[in-house]
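The next block is data.pdb, given as PDB, C-alpha atoms.
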MODEL        1
ATOM      1  CA  MET A   1     153.268  14.423  18.763
ATOM      2  CA  GLU A   2     154.259  16.792  21.584
ATOM      3  CA  GLY A   3     150.695  16.783  22.923
ATOM      4  CA  ALA A   4     150.624  12.994  22.901
ATOM      5  CA  VAL A   5     153.922  12.827  24.762
ATOM      6  CA  SER A   6     152.736  15.258  27.433
ATOM      7  CA  TRP A   7     149.529  13.299  28.038
ATOM      8  CA  ASN A   8     151.505  10.052  28.258
ATOM      9  CA  THR A   9     153.672  11.747  30.866
ATOM     10  CA  VAL A  10     150.674  12.880  32.903
ATOM     11  CA  THR A  11     148.989   9.485  32.735
ATOM     12  CA  ARG A  12     151.954   7.782  34.395
ATOM     13  CA  LEU A  13     151.137   9.635  37.609
ATOM     14  CA  GLY A  14     148.016   7.491  37.927
ATOM     15  CA  GLU A  15     149.718   4.100  37.771
ATOM     16  CA  ALA A  16     148.966   1.645  40.558
ATOM     17  CA  GLN A  17     152.656   0.787  40.954
ATOM     18  CA  ILE A  18     153.236   4.414  41.983
ATOM     19  CA  LEU A  19     150.070   5.267  43.884
ATOM     20  CA  LEU A  20     149.536   2.062  45.863
ATOM     21  CA  PRO A  21     152.918   2.296  47.666
ATOM     22  CA  LEU A  22     152.360   6.037  48.036
ATOM     23  CA  ALA A  23     148.948   5.382  49.613
ATOM     24  CA  LEU A  24     150.511   2.996  52.127
ATOM     25  CA  LEU A  25     153.134   5.616  53.013
ATOM     26  CA  VAL A  26     150.444   8.277  53.470
ATOM     27  CA  ALA A  27     148.409   5.924  55.661
ATOM     28  CA  ALA A  28     151.483   5.113  57.762
ATOM     29  CA  TRP A  29     152.237   8.830  58.144
ATOM     30  CA  LEU A  30     148.656   9.477  59.204
ATOM     31  CA  ALA A  31     148.585   6.615  61.688
ATOM     32  CA  TRP A  32     151.958   6.941  63.391
ATOM     33  CA  CYS A  33     153.315  10.427  62.764
ATOM     34  CA  MET A  34     150.023  12.318  63.026
ATOM     35  CA  ARG A  35     148.152   9.916  65.346
ATOM     36  CA  GLU A  36     145.207   9.900  62.919
ATOM     37  CA  ARG A  37     144.612   6.152  63.011
ATOM     38  CA  ALA A  38     140.858   6.403  62.410
ATOM     39  CA  THR A  39     141.412   8.487  59.284
ATOM     40  CA  ALA A  40     144.109   6.144  57.994
ATOM     41  CA  GLY A  41     142.054   3.024  58.655
ATOM     42  CA  THR A  42     138.880   4.410  57.107
ATOM     43  CA  TRP A  43     140.707   5.710  54.060
ATOM     44  CA  LEU A  44     142.559   2.441  53.464
ATOM     45  CA  GLY A  45     139.313   0.525  53.868
ATOM     46  CA  LEU A  46     137.523   2.718  51.343
ATOM     47  CA  LEU A  47     140.510   2.586  48.984
ATOM     48  CA  GLY A  48     140.588  -1.199  49.255
ATOM     49  CA  LEU A  49     136.900  -1.357  48.399
ATOM     50  CA  ALA A  50     137.457   0.965  45.421
ATOM     51  CA  ILE A  51     140.334  -1.209  44.189
ATOM     52  CA  ALA A  52     138.182  -4.336  44.518
ATOM     53  CA  LEU A  53     135.269  -2.811  42.591
ATOM     54  CA  THR A  54     137.591  -1.535  39.862
ATOM     55  CA  THR A  55     139.286  -4.918  39.501
ATOM     56  CA  VAL A  56     135.995  -6.843  39.443
ATOM     57  CA  SER A  57     134.610  -4.555  36.724
ATOM     58  CA  LYS A  58     137.675  -5.230  34.574
ATOM     59  CA  LEU A  59     137.603  -8.986  35.202
ATOM     60  CA  ALA A  60     133.891  -9.148  34.390
ATOM     61  CA  PHE A  61     134.449  -7.620  30.980
ATOM     62  CA  MET A  62     137.750  -9.171  29.936
ATOM     63  CA  GLY A  63     136.756 -12.635  31.123
ATOM     64  CA  TRP A  64     133.030 -12.743  30.365
ATOM     65  CA  GLY A  65     132.280  -9.730  28.158
ATOM     66  CA  ILE A  66     130.088  -8.031  30.769
ATOM     67  CA  GLY A  67     129.917  -4.356  29.851
ATOM     68  CA  VAL A  68     127.504  -1.598  28.858
ATOM     69  CA  THR A  69     127.510  -1.008  25.127
ATOM     70  CA  THR A  70     125.430   2.177  25.163
ATOM     71  CA  LEU A  71     127.935   3.780  27.549
ATOM     72  CA  ASP A  72     130.984   2.201  25.901
ATOM     73  CA  PHE A  73     131.802   0.815  29.344
ATOM     74  CA  THR A  74     134.285  -2.038  29.778
ATOM     75  CA  GLY A  75     135.414  -1.391  33.360
ATOM     76  CA  LEU A  76     136.263   1.436  35.725
ATOM     77  CA  SER A  77     139.409   3.441  35.036
ATOM     78  CA  GLY A  78     141.992   2.424  37.612
ATOM     79  CA  HIS A  79     144.153   5.461  36.909
ATOM     80  CA  ALA A  80     141.222   7.827  37.497
ATOM     81  CA  MET A  81     140.194   5.983  40.665
ATOM     82  CA  PHE A  82     143.686   5.871  42.195
ATOM     83  CA  ALA A  83     144.515   9.473  41.309
ATOM     84  CA  THR A  84     141.365  10.970  42.831
ATOM     85  CA  ALA A  85     141.584   8.720  45.891
ATOM     86  CA  VAL A  86     145.247   9.365  46.728
ATOM     87  CA  TYR A  87     146.284  12.858  45.623
ATOM     88  CA  PRO A  88     143.644  14.807  47.623
ATOM     89  CA  MET A  89     144.695  12.996  50.810
ATOM     90  CA  LEU A  90     148.356  13.518  49.980
ATOM     91  CA  ALA A  91     147.754  17.244  49.506
ATOM     92  CA  ARG A  92     145.829  17.415  52.782
ATOM     93  CA  ILE A  93     148.585  15.960  54.954
ATOM     94  CA  ALA A  94     151.195  18.136  53.218
ATOM     95  CA  THR A  95     149.403  21.243  54.534
ATOM     96  CA  THR A  96     148.376  19.948  57.940
ATOM     97  CA  SER A  97     149.860  22.978  59.733
ATOM     98  CA  GLY A  98     148.236  25.518  57.404
ATOM     99  CA  SER A  99     145.018  27.430  57.814
ATOM    100  CA  THR A 100     141.654  25.901  56.974
ATOM    101  CA  GLY A 101     141.621  27.888  53.753
ATOM    102  CA  GLN A 102     145.069  26.649  52.756
ATOM    103  CA  GLN A 103     144.084  23.075  53.489
ATOM    104  CA  ARG A 104     140.963  23.366  51.367
ATOM    105  CA  TRP A 105     142.953  24.836  48.498
ATOM    106  CA  ALA A 106     145.468  22.011  48.807
ATOM    107  CA  VAL A 107     142.749  19.366  48.661
ATOM    108  CA  ALA A 108     141.204  21.169  45.678
ATOM    109  CA  LEU A 109     144.580  21.085  43.915
ATOM    110  CA  GLY A 110     144.883  17.379  44.732
ATOM    111  CA  VAL A 111     141.462  16.807  43.200
ATOM    112  CA  ALA A 112     142.447  18.887  40.166
ATOM    113  CA  LEU A 113     145.572  16.770  39.651
ATOM    114  CA  GLY A 114     143.489  13.632  39.921
ATOM    115  CA  LEU A 115     141.015  14.943  37.343
ATOM    116  CA  LEU A 116     143.874  15.939  35.027
ATOM    117  CA  ILE A 117     145.227  12.395  35.204
ATOM    118  CA  ALA A 118     141.725  11.101  34.526
ATOM    119  CA  MET A 119     141.518  13.358  31.443
ATOM    120  CA  SER A 120     144.806  11.910  30.245
ATOM    121  CA  ARG A 121     143.150   8.494  29.997
ATOM    122  CA  LEU A 122     140.762   9.966  27.447
ATOM    123  CA  ALA A 123     143.579  11.743  25.625
ATOM    124  CA  VAL A 124     145.638   8.564  25.229
ATOM    125  CA  GLN A 125     142.451   6.679  24.256
ATOM    126  CA  ALA A 126     142.799   4.147  27.047
ATOM    127  CA  HIS A 127     139.260   4.618  28.371
ATOM    128  CA  SER A 128     135.836   5.936  27.443
ATOM    129  CA  LEU A 129     134.183   8.873  29.166
ATOM    130  CA  SER A 130     131.906   6.618  31.230
ATOM    131  CA  GLU A 131     134.878   4.608  32.501
ATOM    132  CA  VAL A 132     136.768   7.744  33.505
ATOM    133  CA  VAL A 133     133.758   9.400  35.177
ATOM    134  CA  THR A 134     132.898   6.317  37.230
ATOM    135  CA  GLY A 135     136.550   5.851  38.193
ATOM    136  CA  CYS A 136     136.733   9.466  39.367
ATOM    137  CA  ALA A 137     133.490   9.151  41.324
ATOM    138  CA  LEU A 138     134.763   6.077  43.144
ATOM    139  CA  GLY A 139     138.144   7.626  43.933
ATOM    140  CA  LEU A 140     136.649  10.909  45.145
ATOM    141  CA  ALA A 141     134.257   8.965  47.354
ATOM    142  CA  ALA A 142     137.201   7.178  48.997
ATOM    143  CA  SER A 143     139.198  10.331  49.765
ATOM    144  CA  GLY A 144     136.218  12.608  50.378
ATOM    145  CA  LEU A 145     134.352  10.341  52.776
ATOM    146  CA  ALA A 146     137.502   9.604  54.785
ATOM    147  CA  LEU A 147     138.210  13.321  55.249
ATOM    148  CA  ARG A 148     134.571  14.112  55.995
ATOM    149  CA  TRP A 149     134.096  11.342  58.538
ATOM    150  CA  HIS A 150     137.464  11.894  60.239
ATOM    151  CA  PRO A 151     138.671  15.522  59.887
ATOM    152  CA  ILE A 152     142.431  15.720  60.447
ATOM    153  CA  ALA A 153     143.453  17.799  63.458
ATOM    154  CA  PRO A 154     146.117  20.540  63.131
ATOM    155  CA  ALA A 155     149.681  19.309  63.552
ATOM    156  CA  PRO A 156     153.168  20.865  63.761
ATOM    157  CA  ALA A 157     154.676  22.138  60.549
ATOM    158  CA  MET A 158     156.426  19.648  58.296
ATOM    159  CA  PRO A 159     158.723  21.857  56.190
ATOM    160  CA  LEU A 160     160.284  18.949  54.324
ATOM    161  CA  ALA A 161     156.975  17.321  53.337
ATOM    162  CA  PRO A 162     156.197  19.510  50.290
ATOM    163  CA  MET A 163     159.764  19.156  48.995
ATOM    164  CA  ILE A 164     159.707  15.369  49.464
ATOM    165  CA  LEU A 165     156.383  15.154  47.641
ATOM    166  CA  LEU A 166     157.649  17.349  44.804
ATOM    167  CA  VAL A 167     160.790  15.272  44.367
ATOM    168  CA  GLY A 168     158.783  12.072  44.506
ATOM    169  CA  LEU A 169     156.314  13.173  41.833
ATOM    170  CA  THR A 170     158.994  14.524  39.498
ATOM    171  CA  VAL A 171     161.610  11.788  39.830
ATOM    172  CA  VAL A 172     160.194   8.441  40.945
ATOM    173  CA  PRO A 173     157.657   7.799  38.131
ATOM    174  CA  TRP A 174     160.245   8.155  35.385
ATOM    175  CA  GLN A 175     162.632   5.676  37.036
ATOM    176  CA  LEU A 176     160.061   2.864  36.998
ATOM    177  CA  PRO A 177     159.409   0.499  34.092
ATOM    178  CA  PRO A 178     155.960   0.587  32.450
ATOM    179  CA  SER A 179     153.224  -0.744  34.709
ATOM    180  CA  LEU A 180     152.200  -4.388  34.256
ATOM    181  CA  SER A 181     148.936  -4.121  36.214
ATOM    182  CA  HIS A 182     146.773  -4.327  33.083
ATOM    183  CA  GLN A 183     148.559  -7.447  31.895
ATOM    184  CA  MET A 184     148.190  -9.019  35.347
ATOM    185  CA  VAL A 185     144.446  -8.343  35.497
ATOM    186  CA  THR A 186     144.056  -9.622  31.933
ATOM    187  CA  GLN A 187     145.845 -12.866  32.765
ATOM    188  CA  LEU A 188     143.741 -13.306  35.905
ATOM    189  CA  ALA A 189     140.557 -12.811  33.850
ATOM    190  CA  LEU A 190     141.691 -15.442  31.358
ATOM    191  CA  ASN A 191     142.571 -17.899  34.113
ATOM    192  CA  LEU A 192     139.220 -17.462  35.847
ATOM    193  CA  SER A 193     137.134 -17.635  32.665
ATOM    194  CA  ASN A 194     139.194 -20.341  30.928
ATOM    195  CA  ARG A 195     139.447 -18.187  27.812
ATOM    196  CA  SER A 196     142.458 -17.936  25.545
ATOM    197  CA  HIS A 197     141.818 -14.298  24.610
ATOM    198  CA  PRO A 198     140.207 -11.457  26.571
ATOM    199  CA  TYR A 199     137.104  -9.627  25.412
ATOM    200  CA  THR A 200     137.941  -6.254  23.887
ATOM    201  CA  ARG A 201     136.064  -3.016  23.316
ATOM    202  CA  ARG A 202     135.651  -4.079  19.694
ATOM    203  CA  ASP A 203     133.890  -7.245  20.842
ATOM    204  CA  LEU A 204     131.509  -5.161  22.971
ATOM    205  CA  HIS A 205     130.280  -3.275  19.915
ATOM    206  CA  LEU A 206     130.439  -6.185  17.482
ATOM    207  CA  ASN A 207     128.089  -8.222  19.672
ATOM    208  CA  THR A 208     125.558  -5.404  19.609
ATOM    209  CA  LYS A 209     125.750  -5.036  15.823
ATOM    210  CA  SER A 210     125.308  -8.772  15.310
ATOM    211  CA  GLN A 211     122.161  -8.734  17.449
ATOM    212  CA  SER A 212     120.603  -5.771  15.601
TER     213      SER A 212
ENDMDL
END
Would you encode the structure as structure tokens?
Amino acid sequence: MEGAVSWNTVTRLGEAQILLPLALLVAAWLAWCMRERATAGTWLGLLGLAIALTTVSKLAFMGWGIGVTTLDFTGLSGHAMFATAVYPMLARIATTSGSTGQQRWAVALGVALGLLIAMSRLAVQAHSLSEVVTGCALGLAASGLALRWHPIAPAPAMPLAPMILLVGLTVVPWQLPPSLSHQMVTQLALNLSNRSHPYTRRDLHLNTKSQS
């Protein structure tokens, strides 16, 4: 029971209701406080594309049953995508005045946190391995390409940034109600497909058995 509770705690850090506003704050900080408008714009564009692809993959399955049975794939993991897209960038701007080595370690820790959140989706049995891996790949592409294409220049120290981030990650998630993003995407899929019930993972495997 304790293990299950801890994984449920970790998985909340990947919710869209937490990371989407956080991403907008990071982008605003990059654009106006650090004058890194190209980085902010590129990152938001890549993140928007990742969100669109993730949403479409979920709609395709829940509304029309489009998935990959052999991979147990019913749609990209949104938690894995958001976590690996946002936390590495967040870690990078928190250490903008540090050395190159410190910045790389910070990004690596951001990636590690994102991967831990992705693992939590497996632990709570919300996603299959293929859904988590593809979600991570998409999220890492968004954060990694933005940082590679537009390296962030050194900036004055921001002593309060790490403390603000720590407080935010330890307090804010637990004050929010459970995320309704899954229910919203499910309802959208039903509206678009004119179905009364969404396709489920069980349906994905039942269809294959009935055809064999």
* Asked: Written as a ChimeraX atom specification, which residues does the PyMOL selection byres ((chain A and resi 139) around 6) give for the file shown?
  -> /A:81,84-85,136-138,140-142
* Asked: Can you tell me how far CA of Ala189 (chain A) sits from CA of Leu44 (chain A), in Å to one decimal?
  ->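 Interatomic distance, CA of Ala189 (chain A) to CA of Leu44 (chain A): 24.9 Å.
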Polymer residues at most 10 Å from region 16-29 of chain A, only C-alpha atoms, same-chain spacing of 4 or more positions, as a PDB file with C-alpha atoms, in the frame of the given file:
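And here's around.pdb as it stands now:
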ATOM      1  CA  ARG A  12     151.954   7.782  34.395  1.00  0.00           C
ATOM      2  CA  CYS A  33     153.315  10.427  62.764  1.00  0.00           C
ATOM      3  CA  MET A  34     150.023  12.318  63.026  1.00  0.00           C
ATOM      4  CA  ARG A  35     148.152   9.916  65.346  1.00  0.00           C
ATOM      5  CA  GLU A  36     145.207   9.900  62.919  1.00  0.00           C
ATOM      6  CA  ARG A  37     144.612   6.152  63.011  1.00  0.00           C
ATOM      7  CA  THR A  39     141.412   8.487  59.284  1.00  0.00           C
ATOM      8  CA  ALA A  40     144.109   6.144  57.994  1.00  0.00           C
ATOM      9  CA  GLY A  41     142.054   3.024  58.655  1.00  0.00           C
ATOM     10  CA  THR A  42     138.880   4.410  57.107  1.00  0.00           C
ATOM     11  CA  TRP A  43     140.707   5.710  54.060  1.00  0.00           C
ATOM     12  CA  LEU A  44     142.559   2.441  53.464  1.00  0.00           C
ATOM     13  CA  LEU A  47     140.510   2.586  48.984  1.00  0.00           C
ATOM     14  CA  ILE A  51     140.334  -1.209  44.189  1.00  0.00           C
ATOM     15  CA  GLY A  78     141.992   2.424  37.612  1.00  0.00           C
ATOM     16  CA  HIS A  79     144.153   5.461  36.909  1.00  0.00           C
ATOM     17  CA  MET A  81     140.194   5.983  40.665  1.00  0.00           C
ATOM     18  CA  PHE A  82     143.686   5.871  42.195  1.00  0.00           C
ATOM     19  CA  ALA A  83     144.515   9.473  41.309  1.00  0.00           C
ATOM     20  CA  ALA A  85     141.584   8.720  45.891  1.00  0.00           C
ATOM     21  CA  VAL A  86     145.247   9.365  46.728  1.00  0.00           C
ATOM     22  CA  TYR A  87     146.284  12.858  45.623  1.00  0.00           C
ATOM     23  CA  MET A  89     144.695  12.996  50.810  1.00  0.00           C
ATOM     24  CA  LEU A  90     148.356  13.518  49.980  1.00  0.00           C
ATOM     25  CA  ILE A  93     148.585  15.960  54.954  1.00  0.00           C
ATOM     26  CA  ALA A  94     151.195  18.136  53.218  1.00  0.00           C
ATOM     27  CA  LEU A 165     156.383  15.154  47.641  1.00  0.00           C
ATOM     28  CA  GLY A 168     158.783  12.072  44.506  1.00  0.00           C
ATOM     29  CA  LEU A 169     156.314  13.173  41.833  1.00  0.00           C
ATOM     30  CA  VAL A 172     160.194   8.441  40.945  1.00  0.00           C
ATOM     31  CA  PRO A 173     157.657   7.799  38.131  1.00  0.00           C
ATOM     32  CA  LEU A 176     160.061   2.864  36.998  1.00  0.00           C
ATOM     33  CA  PRO A 177     159.409   0.499  34.092  1.00  0.00           C
ATOM     34  CA  PRO A 178     155.960   0.587  32.450  1.00  0.00           C
ATOM     35  CA  SER A 179     153.224  -0.744  34.709  1.00  0.00           C
ATOM     36  CA  LEU A 180     152.200  -4.388  34.256  1.00  0.00           C
ATOM     37  CA  SER A 181     148.936  -4.121  36.214  1.00  0.00           C
ATOM     38  CA  HIS A 182     146.773  -4.327  33.083  1.00  0.00           C
TER      39      HIS A 182
END
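Every polymer residue reaching to within 8 Å of (149.0, 8.1, 35.0), counting only C-alpha atoms, appears in this list: Asn8, Thr9, Val10, Thr11, Arg12, Leu13, Gly14, Glu15, His79, Ala83, Ile117, Ala118, Ser120 and Arg121 of chain A.
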* To do: Could you check how far CA of Leu113 (chain A) sits from CA of Ile152 (chain A), in Å to one decimal?
  => 21.1 Å
* **Residues near Ser193 (chain A), cut-off 9 Å, only C-alpha atoms, skip fewer than 3 positions along chain, as a ChimeraX atom specification** => /A:62-64,188-190,196
* Structure fact -> Counting all atoms listed in the file, the residue among A:Trp32, A:Ser57, A:Ala146, A:Thr69 that lies closest to Leu206 (chain A) is A:Thr69
* **Long-range neighbours of Gly67 (chain A) as a ChimeraX atom specification, 12 Å cut-off, all atoms listed in the file, 4 positions minimum in chain** => /A:56-63,71-76,130-131,199-205,207-208
* Asked: In Å, with one decimal, what is the gap from CA of Gln103 (chain A) to CA of Gly144 (chain A)?
  -> 13.5 Å
